[in-house]
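Here is final11.cif, consisting of mmCIF, C-alpha atoms:
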```cif
data_query
#
loop_
_atom_site.label_atom_id
_atom_site.label_comp_id
_atom_site.auth_asym_id
_atom_site.auth_seq_id
_atom_site.Cartn_x
_atom_site.Cartn_y
_atom_site.Cartn_z
CA MET A 1192 12.13 16.16 3.15
CA GLY A 1193 8.61 17.53 2.89
CA GLY A 1194 5.08 16.43 2.15
CA ALA A 1195 3.84 17.37 5.62
CA VAL A 1196 1.03 19.55 4.28
CA SER A 1197 -1.22 19.42 1.27
CA ALA A 1198 -0.22 21.14 -1.95
CA GLY A 1199 -1.68 24.55 -2.69
CA GLU A 1200 -3.04 25.93 -5.94
CA ASP A 1201 -1.11 29.15 -5.40
CA ASN A 1202 1.27 30.73 -2.91
CA ASP A 1203 -1.48 31.94 -0.57
CA GLU A 1204 -3.09 28.50 -0.35
CA LEU A 1205 0.30 26.94 0.40
CA ILE A 1206 0.71 29.41 3.28
CA ASP A 1207 -2.83 28.65 4.49
CA ASN A 1208 -1.89 24.97 4.66
CA LEU A 1209 1.36 25.70 6.51
CA LYS A 1210 -0.58 27.77 9.05
CA GLU A 1211 -3.18 25.06 9.53
CA ALA A 1212 -0.42 22.51 10.20
CA GLN A 1213 1.15 24.94 12.71
CA TYR A 1214 4.40 25.35 10.79
CA ILE A 1215 3.76 29.10 10.46
CA ARG A 1216 2.78 30.47 13.86
CA THR A 1217 3.56 34.20 13.90
CA GLU A 1218 2.25 37.14 11.89
CA LEU A 1219 5.67 38.43 10.81
CA VAL A 1220 6.62 35.07 9.31
CA GLU A 1221 3.24 34.74 7.61
CA GLN A 1222 3.56 38.20 6.03
CA ALA A 1223 7.02 37.39 4.70
CA PHE A 1224 5.90 34.09 3.17
CA ARG A 1225 2.87 35.69 1.52
CA ALA A 1226 4.93 38.59 0.17
CA ILE A 1227 7.31 36.44 -1.88
CA ASP A 1228 5.91 33.92 -4.34
CA ARG A 1229 7.82 30.65 -4.07
CA ALA A 1230 7.19 29.93 -7.76
CA ASP A 1231 9.31 32.94 -8.74
CA TYR A 1232 12.39 31.03 -7.57
CA TYR A 1233 11.72 27.98 -9.76
CA LEU A 1234 12.84 27.48 -13.32
CA GLU A 1235 9.87 27.95 -15.66
CA GLU A 1236 9.57 24.28 -16.60
CA PHE A 1237 9.31 23.20 -12.95
CA LYS A 1238 6.83 25.80 -11.64
CA ASP A 1239 3.98 23.28 -11.50
CA ASN A 1240 5.65 21.85 -8.38
CA ALA A 1241 6.27 25.18 -6.64
CA TYR A 1242 3.33 24.96 -4.23
CA LYS A 1243 3.92 21.40 -3.11
CA ASP A 1244 5.51 20.86 0.28
CA LEU A 1245 8.58 19.29 -1.29
CA ALA A 1246 12.22 20.17 -1.75
CA TRP A 1247 13.38 20.91 -5.29
CA LYS A 1248 16.82 20.48 -6.85
CA HIS A 1249 18.06 21.07 -10.38
CA GLY A 1250 21.80 21.02 -10.91
CA ASN A 1251 23.28 23.23 -8.20
CA ILE A 1252 19.99 25.05 -7.62
CA HIS A 1253 18.12 23.88 -4.54
CA LEU A 1254 15.08 24.88 -2.48
CA SER A 1255 14.14 23.22 0.79
CA ALA A 1256 10.55 22.17 1.45
CA PRO A 1257 8.22 24.98 2.60
CA CYS A 1258 7.64 23.26 5.96
CA ILE A 1259 11.41 23.38 6.62
CA TYR A 1260 11.71 27.06 5.72
CA SER A 1261 8.71 27.76 7.98
CA GLU A 1262 10.35 26.06 10.95
CA VAL A 1263 13.61 27.90 10.25
CA MET A 1264 11.94 31.32 10.04
CA GLU A 1265 10.01 30.73 13.25
CA ALA A 1266 13.08 29.44 15.11
CA LEU A 1267 15.22 32.44 14.07
CA ASP A 1268 12.88 34.83 15.92
CA LEU A 1269 13.68 37.64 13.51
CA GLN A 1270 13.25 41.30 14.43
CA PRO A 1271 13.87 44.57 12.54
CA GLY A 1272 17.45 45.82 12.63
CA LEU A 1273 19.16 42.49 13.30
CA SER A 1274 22.10 41.09 11.33
CA PHE A 1275 21.63 37.78 9.49
CA LEU A 1276 24.06 35.36 7.87
CA ASN A 1277 22.77 32.64 5.52
CA LEU A 1278 25.30 29.85 4.96
CA GLY A 1279 24.42 28.11 1.71
CA SER A 1280 22.17 30.96 0.58
CA GLY A 1281 21.17 29.23 -2.68
CA THR A 1282 18.44 30.93 -4.69
CA GLY A 1283 18.08 33.77 -2.18
CA TYR A 1284 14.44 32.85 -1.45
CA LEU A 1285 14.98 32.58 2.31
CA SER A 1286 17.30 35.61 2.42
CA SER A 1287 14.68 37.75 0.68
CA MET A 1288 11.95 36.72 3.13
CA VAL A 1289 14.31 37.50 6.00
CA GLY A 1290 15.08 40.90 4.43
CA LEU A 1291 11.41 41.88 4.59
CA ILE A 1292 11.48 41.45 8.38
CA LEU A 1293 14.93 42.96 9.05
CA GLY A 1294 13.98 46.25 7.42
CA PRO A 1295 16.27 48.99 6.10
CA PHE A 1296 18.62 49.02 9.09
CA GLY A 1297 19.36 45.32 9.23
CA VAL A 1298 22.27 43.35 7.76
CA ASN A 1299 21.57 40.51 5.31
CA HIS A 1300 24.53 38.46 4.06
CA GLY A 1301 24.74 35.11 2.30
CA VAL A 1302 27.56 32.72 1.42
CA GLU A 1303 27.11 30.29 -1.49
CA LEU A 1304 29.59 27.75 -2.81
CA HIS A 1305 28.51 27.78 -6.45
CA SER A 1306 29.02 30.91 -8.56
CA ASP A 1307 26.23 29.94 -11.00
CA VAL A 1308 23.77 29.82 -8.09
CA ILE A 1309 24.93 33.27 -6.96
CA GLU A 1310 24.09 34.62 -10.42
CA TYR A 1311 20.70 32.90 -10.30
CA ALA A 1312 20.01 34.43 -6.87
CA LYS A 1313 20.97 37.91 -8.09
CA GLN A 1314 18.61 37.57 -11.07
CA LYS A 1315 15.75 36.55 -8.78
CA LEU A 1316 16.51 39.37 -6.36
CA ASP A 1317 16.55 41.90 -9.19
CA PHE A 1318 13.22 40.56 -10.49
CA PHE A 1319 11.65 40.89 -7.03
CA ILE A 1320 12.87 44.44 -6.50
CA LYS A 1321 11.79 45.63 -9.95
CA THR A 1322 8.41 43.92 -10.29
CA SER A 1323 6.89 42.89 -6.95
CA ASP A 1324 4.40 45.16 -5.20
CA SER A 1325 5.51 43.52 -1.95
CA PHE A 1326 8.72 45.55 -2.21
CA ASP A 1327 6.71 48.71 -1.57
CA LYS A 1328 4.70 47.18 1.29
CA PHE A 1329 7.87 46.64 3.32
CA GLU A 1330 11.16 48.43 3.85
CA PHE A 1331 13.57 45.84 2.51
CA CYS A 1332 17.02 44.78 3.72
CA GLU A 1333 18.57 43.74 0.42
CA PRO A 1334 20.71 40.58 0.67
CA SER A 1335 24.38 40.62 -0.38
CA PHE A 1336 25.83 37.32 -1.60
CA VAL A 1337 29.45 36.20 -1.78
CA THR A 1338 30.95 33.08 -3.35
CA GLY A 1339 32.92 30.67 -1.20
CA ASN A 1340 32.88 27.74 1.19
CA CYS A 1341 31.12 28.65 4.43
CA LEU A 1342 33.69 26.63 6.38
CA GLU A 1343 36.39 29.08 5.28
CA ILE A 1344 34.99 32.37 6.55
CA SER A 1345 37.73 34.78 7.55
CA PRO A 1346 38.35 34.64 11.32
CA ASP A 1347 38.23 38.44 11.55
CA CYS A 1348 34.66 38.63 10.23
CA THR A 1349 31.97 40.31 12.29
CA GLN A 1350 29.59 38.20 14.35
CA TYR A 1351 25.85 38.05 13.61
CA ASP A 1352 22.58 38.15 15.54
CA ARG A 1353 21.08 35.33 13.49
CA VAL A 1354 22.76 32.55 11.49
CA TYR A 1355 21.25 29.78 9.39
CA CYS A 1356 23.11 26.95 7.68
CA GLY A 1357 21.26 25.19 4.86
CA ALA A 1358 23.44 22.06 4.77
CA GLY A 1359 24.01 19.21 7.17
CA VAL A 1360 26.57 20.09 9.86
CA GLN A 1361 28.70 17.43 11.51
CA LYS A 1362 29.57 17.59 15.20
CA GLU A 1363 33.17 18.58 14.42
CA HIS A 1364 31.98 21.89 12.91
CA GLU A 1365 29.52 22.81 15.67
CA ASP A 1366 31.90 25.14 17.54
CA TYR A 1367 32.91 26.84 14.30
CA MET A 1368 29.25 27.68 13.63
CA LYS A 1369 28.66 28.85 17.20
CA ASN A 1370 31.52 31.32 17.00
CA LEU A 1371 29.74 33.19 14.19
CA LEU A 1372 27.11 34.30 16.72
CA LYS A 1373 26.94 37.37 18.91
CA VAL A 1374 25.98 36.88 22.56
CA GLY A 1375 22.20 36.70 22.56
CA GLY A 1376 22.19 35.44 18.97
CA ILE A 1377 20.41 32.42 17.49
CA LEU A 1378 21.88 29.76 15.20
CA VAL A 1379 19.62 27.34 13.30
CA MET A 1380 21.18 24.42 11.44
CA PRO A 1381 20.76 20.72 10.65
CA LEU A 1382 23.08 19.13 13.20
CA GLU A 1383 23.46 15.35 13.06
CA GLU A 1384 20.13 14.90 11.21
CA LYS A 1385 18.15 17.18 13.56
CA LEU A 1386 17.12 20.74 12.80
CA THR A 1387 18.63 22.44 15.83
CA LYS A 1388 18.25 25.86 17.43
CA ILE A 1389 21.22 27.11 19.46
CA THR A 1390 21.04 30.35 21.46
CA ARG A 1391 24.22 31.99 22.70
CA THR A 1392 23.38 33.08 26.25
CA GLY A 1393 26.91 34.17 27.20
CA PRO A 1394 30.50 34.25 25.92
CA SER A 1395 30.79 30.50 26.60
CA ALA A 1396 27.18 29.56 27.37
CA TRP A 1397 24.65 28.00 25.01
CA GLU A 1398 21.11 26.66 24.99
CA THR A 1399 20.28 23.93 22.50
CA LYS A 1400 16.85 22.79 21.28
CA LYS A 1401 16.12 20.03 18.78
CA ILE A 1402 13.26 21.04 16.49
CA LEU A 1403 12.61 18.07 14.20
CA ALA A 1404 14.29 15.25 12.30
CA VAL A 1405 15.51 16.30 8.85
CA SER A 1406 17.60 15.03 5.98
CA PHE A 1407 20.04 17.54 4.46
CA ALA A 1408 22.98 17.08 2.13
CA PRO A 1409 26.17 17.49 4.19
CA LEU A 1410 28.43 20.52 4.08
CA ILE A 1411 31.07 20.24 1.37
CA GLN A 1412 34.53 20.18 2.88
CA PRO A 1413 37.10 22.72 1.60
CA ASN A 1414 39.29 21.39 -1.20
CA HIS A 1415 42.88 22.65 -1.11
CA ALA A 1416 44.24 20.17 -3.61
CA ASP A 1417 44.95 22.82 -6.26
CA SER A 1418 46.85 25.41 -4.23
CA GLY A 1419 47.25 23.77 -0.86
CA LYS A 1420 46.04 27.02 0.70
CA SER A 1421 42.77 28.00 2.28
CA ARG A 1422 40.63 30.42 0.27
CA LEU A 1423 39.27 32.69 2.97
CA VAL A 1424 35.76 34.04 2.47
CA HIS A 1425 35.54 37.75 3.23
CA LEU A 1426 32.02 38.84 4.06
CA PRO A 1427 30.73 42.25 2.92
CA PRO A 1428 31.43 45.16 5.25
CA VAL A 1429 28.46 46.60 7.09
CA ALA A 1430 27.30 49.41 4.83
CA VAL A 1431 26.64 52.89 6.20
CA ARG A 1432 23.65 54.45 4.49
CA SER A 1433 24.02 57.87 2.88
CA LEU A 1434 21.99 60.85 4.06
CA GLN A 1435 20.14 60.75 0.73
CA ASP A 1436 19.18 57.11 1.26
CA LEU A 1437 18.08 57.79 4.85
CA ALA A 1438 15.89 60.63 3.58
CA ARG A 1439 14.27 58.26 1.05
CA ILE A 1440 13.51 55.72 3.79
CA ALA A 1441 12.01 58.46 6.01
CA ILE A 1442 9.87 59.92 3.20
CA ARG A 1443 8.54 56.50 2.17
CA GLY A 1444 7.76 55.74 5.82
CA THR A 1445 5.87 59.02 6.23
CA ILE A 1446 3.83 58.39 3.07
CA LYS A 1447 2.94 54.90 4.28
CA LYS A 1448 1.68 56.35 7.57
CA ILE A 1449 -0.47 58.84 5.67
CA ILE A 1450 -1.91 56.03 3.52
CA HIS A 1451 -2.63 54.00 6.65
CA GLN A 1452 -4.38 56.95 8.32
CA GLU A 1453 -6.47 57.57 5.19
CA THR A 1454 -7.44 53.91 5.03
CA MET A 1455 -8.42 53.89 8.72
CA SER A 1456 -10.53 57.01 8.20
CA LYS A 1457 -12.34 55.51 5.20
CA ASN A 1458 -13.04 52.32 7.12
CA GLY A 1459 -14.39 54.08 10.18
CA ASN A 1460 -11.20 54.01 12.24
CA GLY A 1461 -10.67 50.38 11.41
CA LEU A 1462 -14.11 49.18 12.56
CA LYS A 1463 -15.02 48.18 9.04
CA ASN A 1464 -12.66 45.83 7.30
CA PRO A 1465 -12.30 45.94 3.53
CA PRO A 1466 -13.89 42.95 1.77
CA ARG A 1467 -11.62 40.00 1.26
CA PHE A 1468 -11.83 37.12 -1.12
CA LYS A 1469 -13.10 34.11 0.75
CA ARG A 1470 -10.81 31.15 0.20
CA ARG A 1471 -12.36 27.71 0.32
CA ARG A 1472 -11.48 25.90 3.52
CA VAL A 1473 -10.54 22.24 3.44
CA ARG A 1474 -10.54 20.05 6.53
CA ARG A 1475 -7.41 17.92 6.53
CA ARG A 1476 -6.78 14.75 8.47
CA ARG A 1477 -3.81 14.07 10.69
CA MET A 1478 -0.83 13.19 8.54
CA GLU A 1479 2.29 11.19 9.16
CA THR A 1480 5.52 12.24 7.43
CA ILE A 1481 7.99 9.44 6.84
CA VAL A 1482 11.43 10.17 5.43
CA PHE A 1483 13.72 7.40 4.19
CA LEU A 1484 17.45 7.98 4.36
CA ASP A 1485 19.59 5.00 3.38
CA LYS A 1486 18.54 2.30 5.87
CA GLU A 1487 17.13 4.66 8.49
CA VAL A 1488 13.59 5.93 8.80
CA PHE A 1489 12.62 9.25 10.34
CA ALA A 1490 8.97 9.82 11.18
CA SER A 1491 7.30 12.92 12.52
CA ARG A 1492 3.69 13.58 13.44
CA ILE A 1493 2.00 16.79 12.40
CA SER A 1494 -0.39 18.17 14.98
CA ASN A 1495 -3.59 18.96 13.11
CA PRO A 1496 -7.10 19.62 14.45
CA SER A 1497 -8.81 16.53 15.80
CA ASP A 1498 -10.48 14.24 13.31
CA ASP A 1499 -13.42 13.66 15.65
CA ASN A 1500 -16.72 14.36 13.92
CA ASN A 1501 -14.69 15.17 10.80
CA CYS A 1502 -17.40 14.14 8.35
CA GLU A 1503 -20.01 16.26 10.14
CA GLU A 1504 -17.71 19.30 10.06
CA ILE A 1505 -17.05 18.85 6.33
CA GLU A 1506 -20.79 18.66 5.66
CA ASP A 1507 -21.42 21.79 7.74
CA GLU A 1508 -18.71 23.67 5.85
CA ARG A 1509 -20.09 22.49 2.50
CA ARG A 1510 -23.57 23.80 3.37
CA GLU A 1511 -22.05 27.08 4.58
CA GLU A 1512 -20.17 27.50 1.30
CA GLU A 1513 -23.33 26.82 -0.74
CA GLU A 1514 -25.28 29.41 1.28
CA THR A 1515 -22.64 32.11 0.81
CA LYS A 1516 -21.68 31.28 -2.78
CA PRO A 1517 -23.91 33.89 -4.53
CA SER A 1518 -22.37 36.74 -2.51
CA GLU A 1519 -18.82 35.44 -2.62
CA LEU A 1520 -16.43 38.26 -3.47
CA LYS A 1521 -13.76 38.05 -6.13
CA PRO A 1522 -10.38 39.56 -5.32
CA ASP A 1523 -9.84 43.11 -6.50
CA PRO A 1524 -6.77 43.80 -8.62
CA PRO A 1525 -3.90 44.73 -6.30
CA VAL A 1526 -3.28 48.46 -5.93
CA ASN A 1527 0.15 49.82 -5.07
CA PHE A 1528 -0.97 52.79 -2.99
CA LEU A 1529 2.56 53.92 -2.19
CA ARG A 1530 3.45 54.13 -5.86
CA GLU A 1531 0.26 56.02 -6.71
CA LYS A 1532 0.83 58.47 -3.88
CA VAL A 1533 4.47 59.13 -4.85
CA LEU A 1534 3.59 59.65 -8.52
CA SER A 1535 0.90 62.17 -7.52
CA LEU A 1536 3.32 64.34 -5.52
CA PRO A 1537 4.33 67.75 -6.99
CA LEU A 1538 7.95 66.66 -7.41
CA PRO A 1539 10.31 66.42 -10.37
CA ASP A 1540 10.07 63.02 -12.10
CA PRO A 1541 13.69 62.03 -11.29
CA LEU A 1542 12.98 62.49 -7.57
CA LYS A 1543 9.77 60.45 -7.82
CA TYR A 1544 11.63 57.60 -9.51
CA TYR A 1545 14.36 57.78 -6.87
CA LEU A 1546 11.74 57.42 -4.13
CA LEU A 1547 10.42 54.37 -6.00
CA TYR A 1548 13.89 52.82 -6.37
CA TYR A 1549 13.52 53.18 -10.17
CA ARG A 1550 11.12 50.23 -10.17
CA GLU A 1551 9.36 49.30 -13.40
CA LYS A 1552 5.85 48.95 -11.94
#
```
Would you mind writing the file's structure down as structure tokens?
Amino acid sequence: MGGAVSAGEDNDELIDNLKEAQYIRTELVEQAFRAIDRADYYLEEFKDNAYKDLAWKHGNIHLSAPCIYSEVMEALDLQPGLSFLNLGSGTGYLSSMVGLILGPFGVNHGVELHSDVIEYAKQKLDFFIKTSDSFDKFEFCEPSFVTGNCLEISPDCTQYDRVYCGAGVQKEHEDYMKNLLKVGGILVMPLEEKLTKITRTGPSAWETKKILAVSFAPLIQPNHADSGKSRLVHLPPVAVRSLQDLARIAIRGTIKKIIHQETMSKNGNGLKNPPRFKRRRVRRRRMETIVFLDKEVFASRISNPSDDNNCEEIEDERREEEETKPSELKPDPPVNFLREKVLSLPLPDPLKYYLLYYREK
């Protein structure tokens, strides 16, 4: 499924389009999407399609359409410090975005059926941690992935605040999924061809909301033909951070506050905003998304701004762009202020590198 919004030229333009179509509605979700480049999770030869609102699959590797991930992130209502379980964690793209919101005291676990996809996800996670400046803009809850069938999770596993399943769930497995939730928790999953949000309001009480029609591959049923026994999936234990790690988190947080205060002071207590690159706006018409699945058709309407006087608005915007073109600002090269500040501290180099998580840039 996908194609609900226009393709972008880069990750930021894709996010702009998702915001305009009201798929991304909150600041936290927008920040997470902008922080992680979707193209980084594609194989090199397929990156030309990374900013299209389409799902992508190659072998066992799969990414849902950006509009689906947007709806999922919004429905999960993520907050710092929560625990999250991703069933069918795939490339780790969604888990990494979630980790930016959960922060250092959250829990971020994923279960994936295919071991080769787990390795792919670990490579992408390592690349993000070592090379992305976004890692230093957030305090990250690093995902932990385990191999196994998500329908065989050990019954003594802990429950989670938020759960997402990235494969189609049949009605017979609905209660199984619900039992993975804490009271007050939220479960988002494709249930009987509808992306569904279920909130656990009590030990035996639930609220259910249908979000939109979707088409997902179904959950793969456990295969016990070889041994005849269930292969229980044991999720990682909740890690207790060391005092050294807690000190690193506190120091990085203090430095970020200092940087923020310095920036506010330079900008006149925030009254003057730093110049930003002006991205060209494009007025888009109302779009209809039609998804064919076997002999059934699912259609959904995307609520976009009214098309009334559309041509006049486009002409007004074109004139505005021509008037401002000479003074249009180009984006400055990104500066990792946290890294610069840490490297300037009068500390031994090993301690500086520890504060930077031994990152390469």
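For Lys1328 in chain A, the residues within 12 Å (counting only C-alpha atoms, excluding itself and residues fewer than 5 positions away along the chain) are Gln1222, Ala1223, Arg1225, Ala1226, Ile1227, Leu1291, Ile1292, Gly1294, Ile1320, Ser1323, Arg1443, Gly1444, Ile1446, Lys1447, Lys1448, Ile1450, His1451, Pro1525, Val1526, Asn1527, Phe1528, Leu1529, Arg1530 and Leu1547 of chain A.
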Save out the residues we just selected, C-alpha atoms, as a tab-separated table (two decimals), in the frame of the given file.
```
chain	number	residue	atom	x	y	z
A	1222	GLN	CA	3.56	38.20	6.03
A	1223	ALA	CA	7.02	37.39	4.70
A	1225	ARG	CA	2.87	35.69	1.52
A	1226	ALA	CA	4.93	38.59	0.17
A	1227	ILE	CA	7.31	36.44	-1.88
A	1291	LEU	CA	11.41	41.88	4.59
A	1292	ILE	CA	11.48	41.45	8.38
A	1294	GLY	CA	13.98	46.25	7.42
A	1320	ILE	CA	12.87	44.44	-6.50
A	1323	SER	CA	6.89	42.89	-6.95
A	1443	ARG	CA	8.54	56.50	2.17
A	1444	GLY	CA	7.76	55.74	5.82
A	1446	ILE	CA	3.83	58.39	3.07
A	1447	LYS	CA	2.94	54.90	4.28
A	1448	LYS	CA	1.68	56.35	7.57
A	1450	ILE	CA	-1.91	56.03	3.52
A	1451	HIS	CA	-2.63	54.00	6.65
A	1525	PRO	CA	-3.90	44.73	-6.30
A	1526	VAL	CA	-3.28	48.46	-5.93
A	1527	ASN	CA	0.15	49.82	-5.07
A	1528	PHE	CA	-0.97	52.79	-2.99
A	1529	LEU	CA	2.56	53.92	-2.19
A	1530	ARG	CA	3.45	54.13	-5.86
A	1547	LEU	CA	10.42	54.37	-6.00
```
Counting all atoms listed in the file, figure out which residue out of A:Tyr1544, A:Tyr1311, A:Phe1329, A:Phe1275 gets nearest to Leu1234 in chain A.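 Answer, going by the shortest atom-to-atom distance: A:Tyr1311.
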Could you make a table, as JSON lines, of the residues of range 1202-1291 of chain A that have an atom within 9 Å of an atom of range 1338-1356 of chain A, each with its nearest atom pair and distance in Å to one decimal, counting all atoms listed in the file, in chain and number order?
```
{"residue": "A:Val1263", "atom": "CA", "partner": "A:Tyr1355", "partner_atom": "CA", "distance": 7.9}
{"residue": "A:Leu1267", "atom": "CA", "partner": "A:Arg1353", "partner_atom": "CA", "distance": 6.6}
{"residue": "A:Asp1268", "atom": "CA", "partner": "A:Arg1353", "partner_atom": "CA", "distance": 8.6}
{"residue": "A:Leu1269", "atom": "CA", "partner": "A:Arg1353", "partner_atom": "CA", "distance": 7.8}
{"residue": "A:Leu1273", "atom": "CA", "partner": "A:Asp1352", "partner_atom": "CA", "distance": 6.0}
{"residue": "A:Ser1274", "atom": "CA", "partner": "A:Asp1352", "partner_atom": "CA", "distance": 5.2}
{"residue": "A:Phe1275", "atom": "CA", "partner": "A:Arg1353", "partner_atom": "CA", "distance": 4.7}
{"residue": "A:Leu1276", "atom": "CA", "partner": "A:Val1354", "partner_atom": "CA", "distance": 4.8}
{"residue": "A:Asn1277", "atom": "CA", "partner": "A:Tyr1355", "partner_atom": "CA", "distance": 5.0}
{"residue": "A:Leu1278", "atom": "CA", "partner": "A:Cys1356", "partner_atom": "CA", "distance": 4.5}
{"residue": "A:Gly1279", "atom": "CA", "partner": "A:Cys1356", "partner_atom": "CA", "distance": 6.2}
{"residue": "A:Ser1280", "atom": "CA", "partner": "A:Cys1356", "partner_atom": "CA", "distance": 8.2}
```
Nearest to Ala1438 in chain A: which of A:Leu1546, A:Leu1378, A:Thr1217, A:Lys1210 is it, counting only C-alpha atoms? A:Leu1546
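Minimum distance to Glu1330 in chain A across A:Thr1454, A:Ser1287, A:Asn1240, A:Thr1387 (counting only C-alpha atoms) occurs at A:Ser1287.
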For the structure provided, state which residues fall under the PyMOL selection byres ((chain A and resi 1252) around 12), and present them as an mmCIF file with C-alpha atoms, keeping the file's coordinate frame.
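File written: selection_9.cif
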```cif
data_model
loop_
_atom_site.group_PDB
_atom_site.id
_atom_site.type_symbol
_atom_site.label_atom_id
_atom_site.label_comp_id
_atom_site.auth_asym_id
_atom_site.auth_seq_id
_atom_site.Cartn_x
_atom_site.Cartn_y
_atom_site.Cartn_z
ATOM 1 C CA TYR A 1232 12.390 31.030 -7.570
ATOM 2 C CA TYR A 1233 11.720 27.980 -9.760
ATOM 3 C CA LEU A 1234 12.840 27.480 -13.320
ATOM 4 C CA ALA A 1246 12.220 20.170 -1.750
ATOM 5 C CA TRP A 1247 13.380 20.910 -5.290
ATOM 6 C CA LYS A 1248 16.820 20.480 -6.850
ATOM 7 C CA HIS A 1249 18.060 21.070 -10.380
ATOM 8 C CA GLY A 1250 21.800 21.020 -10.910
ATOM 9 C CA ASN A 1251 23.280 23.230 -8.200
ATOM 10 C CA HIS A 1253 18.120 23.880 -4.540
ATOM 11 C CA LEU A 1254 15.080 24.880 -2.480
ATOM 12 C CA SER A 1255 14.140 23.220 0.790
ATOM 13 C CA GLY A 1279 24.420 28.110 1.710
ATOM 14 C CA SER A 1280 22.170 30.960 0.580
ATOM 15 C CA GLY A 1281 21.170 29.230 -2.680
ATOM 16 C CA THR A 1282 18.440 30.930 -4.690
ATOM 17 C CA GLY A 1283 18.080 33.770 -2.180
ATOM 18 C CA TYR A 1284 14.440 32.850 -1.450
ATOM 19 C CA GLU A 1303 27.110 30.290 -1.490
ATOM 20 C CA LEU A 1304 29.590 27.750 -2.810
ATOM 21 C CA HIS A 1305 28.510 27.780 -6.450
ATOM 22 C CA SER A 1306 29.020 30.910 -8.560
ATOM 23 C CA ASP A 1307 26.230 29.940 -11.000
ATOM 24 C CA VAL A 1308 23.770 29.820 -8.090
ATOM 25 C CA ILE A 1309 24.930 33.270 -6.960
ATOM 26 C CA GLU A 1310 24.090 34.620 -10.420
ATOM 27 C CA TYR A 1311 20.700 32.900 -10.300
ATOM 28 C CA ALA A 1312 20.010 34.430 -6.870
#
```
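When CA of Asp1366 in chain A is paired with CA of Ser1395 in chain A, their separation reads 10.6 Å.
Taking CA of Pro1428 in chain A as the reference point, CA of Leu1372 in chain A is found at 16.4 Å.
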Which residue gives the smallest distance to Val1379 in chain A among A:Met1264, A:Glu1453, A:Val1289, A:Leu1437, with all atoms listed in the file counted? A:Met1264
Closest to Thr1445 in chain A among A:Arg1216, A:Lys1532, A:Lys1238, A:Lys1362, using all atoms listed in the file?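 Of all the options, A:Lys1532 lies closest to Thr1445 in chain A.
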Evaluated on this file, the PyMOL selection byres ((chain A and resi 1404) around 6) picks out some residues - which ones are they, written as a list in words?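 Taken on the displayed file, the PyMOL selection byres ((chain A and resi 1404) around 6) yields the residues Glu1384, Lys1385, Leu1403 and Val1405 of chain A.
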How would range 1202-1211 of chain A look written as a CSV table (one decimal), in the first residue's frame with N, CA, C and O atoms?
```
chain,number,residue,atom,x,y,z
A,1202,ASN,N,14.7,13.2,1.9
A,1202,ASN,CA,13.9,12.8,3.1
A,1202,ASN,C,13.1,13.9,3.6
A,1202,ASN,O,11.9,13.7,4.0
A,1203,ASP,N,13.6,15.1,3.7
A,1203,ASP,CA,12.8,16.3,4.2
A,1203,ASP,C,11.6,16.6,3.4
A,1203,ASP,O,10.5,16.9,3.9
A,1204,GLU,N,11.8,16.5,2.1
A,1204,GLU,CA,10.6,16.8,1.2
A,1204,GLU,C,9.5,15.7,1.4
A,1204,GLU,O,8.3,16.0,1.3
A,1205,LEU,N,9.9,14.5,1.5
A,1205,LEU,CA,9.0,13.4,1.8
A,1205,LEU,C,8.2,13.7,3.1
A,1205,LEU,O,7.0,13.6,3.1
A,1206,ILE,N,8.9,14.2,4.1
A,1206,ILE,CA,8.2,14.5,5.4
A,1206,ILE,C,7.3,15.7,5.2
A,1206,ILE,O,6.2,15.7,5.8
A,1207,ASP,N,7.7,16.7,4.4
A,1207,ASP,CA,6.9,17.8,4.1
A,1207,ASP,C,5.5,17.3,3.5
A,1207,ASP,O,4.5,17.8,3.9
A,1208,ASN,N,5.6,16.4,2.6
A,1208,ASN,CA,4.4,15.9,1.9
A,1208,ASN,C,3.6,15.1,2.9
A,1208,ASN,O,2.3,15.2,2.8
A,1209,LEU,N,4.2,14.3,3.7
A,1209,LEU,CA,3.4,13.6,4.7
A,1209,LEU,C,2.7,14.5,5.7
A,1209,LEU,O,1.5,14.3,6.1
A,1210,LYS,N,3.3,15.6,6.1
A,1210,LYS,CA,2.7,16.6,6.9
A,1210,LYS,C,1.5,17.3,6.2
A,1210,LYS,O,0.5,17.5,6.8
A,1211,GLU,N,1.7,17.6,5.0
A,1211,GLU,CA,0.7,18.3,4.2
A,1211,GLU,C,-0.6,17.5,4.1
A,1211,GLU,O,-1.7,17.9,4.1
```
